[in-house]
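Trainee: The structure under discussion is supplied below as structure tokens; questions concerning it will follow.
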Amino acid sequence: VQQAADREYARLRQSGTPYRLFFQACAEAAVVAESKGLKLVEANPAAAALFDATPADLTRMTMADLLEGPSLSALEGLVAAVSSGARNSE
């Protein structure tokens with residue numbers, strides 16, 4: 001059973017590799033945030049440069065630390081719409 005679990009874990013890690021490489025190499029700033037609370041869970045080097053921080057620094061922040069006013073409100077509205085759509089389809 002452990003060997004099967006190890007193989008599945010290795011397969012899943014491999015499947016994400018191209019996306020992770022793209023995310024890290026992308027010249028545009030990109031972050032991944034949780035839908036609840038908008039806490040940053042990952043940031044690429046371009047995002048770190050944009051916000052004059054390290055990727056690790058950014059993962060201790062929320063989108064509210066980076067955006068303000070209409071931009072933050074628009075993001076919150078989009079997240080709410082996507083979240084309610086996901087709940088409605090379950």
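If you're wondering about the labels, chains in the structure tokens are A, B, ... by order shown, residues count from 1 in each chain, ligands from 1 in order shown.
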Could you pull out the strand (DSSP E or B) residues of chain A from DSSP and send them as a list in words?
Mentor: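 Those residues are Val31, Val32, Ala33, Lys39, Leu40, Val41, Glu42, Ala43 and Thr62 of chain A.
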Trainee: Taking C-alpha atoms for each residue, export the selection above as a PDB file, in the first residue's frame.
Mentor:
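The resulting result.pdb:
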```pdb
ATOM      1  CA  VAL A  31       0.331  35.073  -7.123  1.00  0.00           C
ATOM      2  CA  VAL A  32      -1.846  32.271  -5.808  1.00  0.00           C
ATOM      3  CA  ALA A  33      -4.224  33.185  -2.996  1.00  0.00           C
ATOM      4  CA  LYS A  39      -4.065  34.958   1.939  1.00  0.00           C
ATOM      5  CA  LEU A  40      -1.188  34.573  -0.492  1.00  0.00           C
ATOM      6  CA  VAL A  41       0.124  31.027  -0.668  1.00  0.00           C
ATOM      7  CA  GLU A  42       2.615  31.457  -3.487  1.00  0.00           C
ATOM      8  CA  ALA A  43       4.220  34.275  -5.454  1.00  0.00           C
ATOM      9  CA  THR A  62      -3.072  38.949   1.991  1.00  0.00           C
TER      10      THR A  62
END
```
Trainee: Quick one: distance from atom CA of Ser84 of chain A to atom CA of Ser35 of chain A in Å, one decimal?
Mentor: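 Distance between the two atoms: 11.2 Å.
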Trainee: Could you give me, as an MDAnalysis selection string, the residues within 10 Å of segment 73-79 of chain A, counting only C-alpha atoms and dropping anything in the same chain fewer than 3 positions from it?
Mentor: chainID A and resid 34:38 63:64 67:70 82:85
Trainee: Could those selected residues go to a file with N, CA, C and O atoms, as a CSV table (one decimal), in the first residue's frame?
Mentor:
```csv
chain,number,residue,atom,x,y,z
A,34,GLU,N,-5.6,32.1,-1.4
A,34,GLU,CA,-6.8,31.3,-0.9
A,34,GLU,C,-8.0,32.2,-1.1
A,34,GLU,O,-8.0,33.4,-1.0
A,35,SER,N,-9.1,31.5,-1.4
A,35,SER,CA,-10.3,32.2,-1.7
A,35,SER,C,-10.9,32.8,-0.4
A,35,SER,O,-11.5,33.9,-0.4
A,36,LYS,N,-10.7,32.2,0.7
A,36,LYS,CA,-11.2,32.7,2.0
A,36,LYS,C,-10.1,33.5,2.6
A,36,LYS,O,-9.0,33.0,2.9
A,37,GLY,N,-10.3,34.8,2.8
A,37,GLY,CA,-9.3,35.7,3.4
A,37,GLY,C,-8.2,36.2,2.4
A,37,GLY,O,-7.5,37.1,2.8
A,38,LEU,N,-8.2,35.7,1.2
A,38,LEU,CA,-7.2,36.1,0.2
A,38,LEU,C,-5.8,36.1,0.6
A,38,LEU,O,-5.0,36.9,0.2
A,63,MET,N,-4.1,39.7,-0.1
A,63,MET,CA,-4.3,40.6,-1.2
A,63,MET,C,-4.6,42.0,-0.7
A,63,MET,O,-4.3,43.0,-1.3
A,64,ALA,N,-5.3,42.1,0.5
A,64,ALA,CA,-5.6,43.4,1.1
A,64,ALA,C,-4.3,44.2,1.4
A,64,ALA,O,-4.3,45.5,1.5
A,67,LEU,N,-3.4,45.4,-2.5
A,67,LEU,CA,-4.4,46.2,-3.3
A,67,LEU,C,-5.2,47.1,-2.4
A,67,LEU,O,-5.3,46.8,-1.2
A,68,GLU,N,-5.8,48.1,-2.9
A,68,GLU,CA,-6.6,49.0,-2.2
A,68,GLU,C,-7.8,49.5,-3.0
A,68,GLU,O,-7.8,49.3,-4.2
A,69,GLY,N,-8.7,50.0,-2.3
A,69,GLY,CA,-9.9,50.7,-2.9
A,69,GLY,C,-10.6,49.8,-4.0
A,69,GLY,O,-10.9,48.6,-3.7
A,70,PRO,N,-10.8,50.4,-5.2
A,70,PRO,CA,-11.6,49.7,-6.2
A,70,PRO,C,-11.0,48.4,-6.7
A,70,PRO,O,-11.7,47.4,-7.0
A,82,VAL,N,-17.2,33.6,-8.1
A,82,VAL,CA,-16.6,32.3,-8.4
A,82,VAL,C,-17.0,31.3,-7.3
A,82,VAL,O,-17.4,30.2,-7.6
A,83,SER,N,-16.9,31.7,-6.1
A,83,SER,CA,-17.2,30.8,-4.9
A,83,SER,C,-18.6,30.5,-4.9
A,83,SER,O,-19.0,29.3,-4.7
A,84,SER,N,-19.5,31.4,-5.2
A,84,SER,CA,-21.0,31.1,-5.2
A,84,SER,C,-21.3,30.2,-6.3
A,84,SER,O,-22.2,29.3,-6.2
A,85,GLY,N,-20.7,30.4,-7.5
A,85,GLY,CA,-20.9,29.5,-8.6
A,85,GLY,C,-20.4,28.1,-8.3
A,85,GLY,O,-21.1,27.1,-8.7
```
Trainee: What is the atom CA of Pro18 of chain A to atom CA of Ala30 of chain A distance in Å?
Mentor: 15.5 Å
Trainee: Find the distance between atom CA of Ala46 of chain A and atom CA of Ala25 of chain A and write it in Å to one decimal.
Mentor: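 Between atom CA of Ala46 of chain A and atom CA of Ala25 of chain A the gap is 8.4 Å.
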Trainee: Please extract the residues of segment 14-84 of chain A with a backbone DSSP assignment of helix (DSSP H, G or I) and present them as number ranges by chain.
Mentor: A: 14-25, 45-50, 55-58, 63-66, 69-84
Trainee: Restricting the calculation to only C-alpha atoms: of A:Met61, A:Ala29, A:Leu66, A:Leu72, which residue gets closest to Ala48 of chain A?
Mentor: A:Ala29
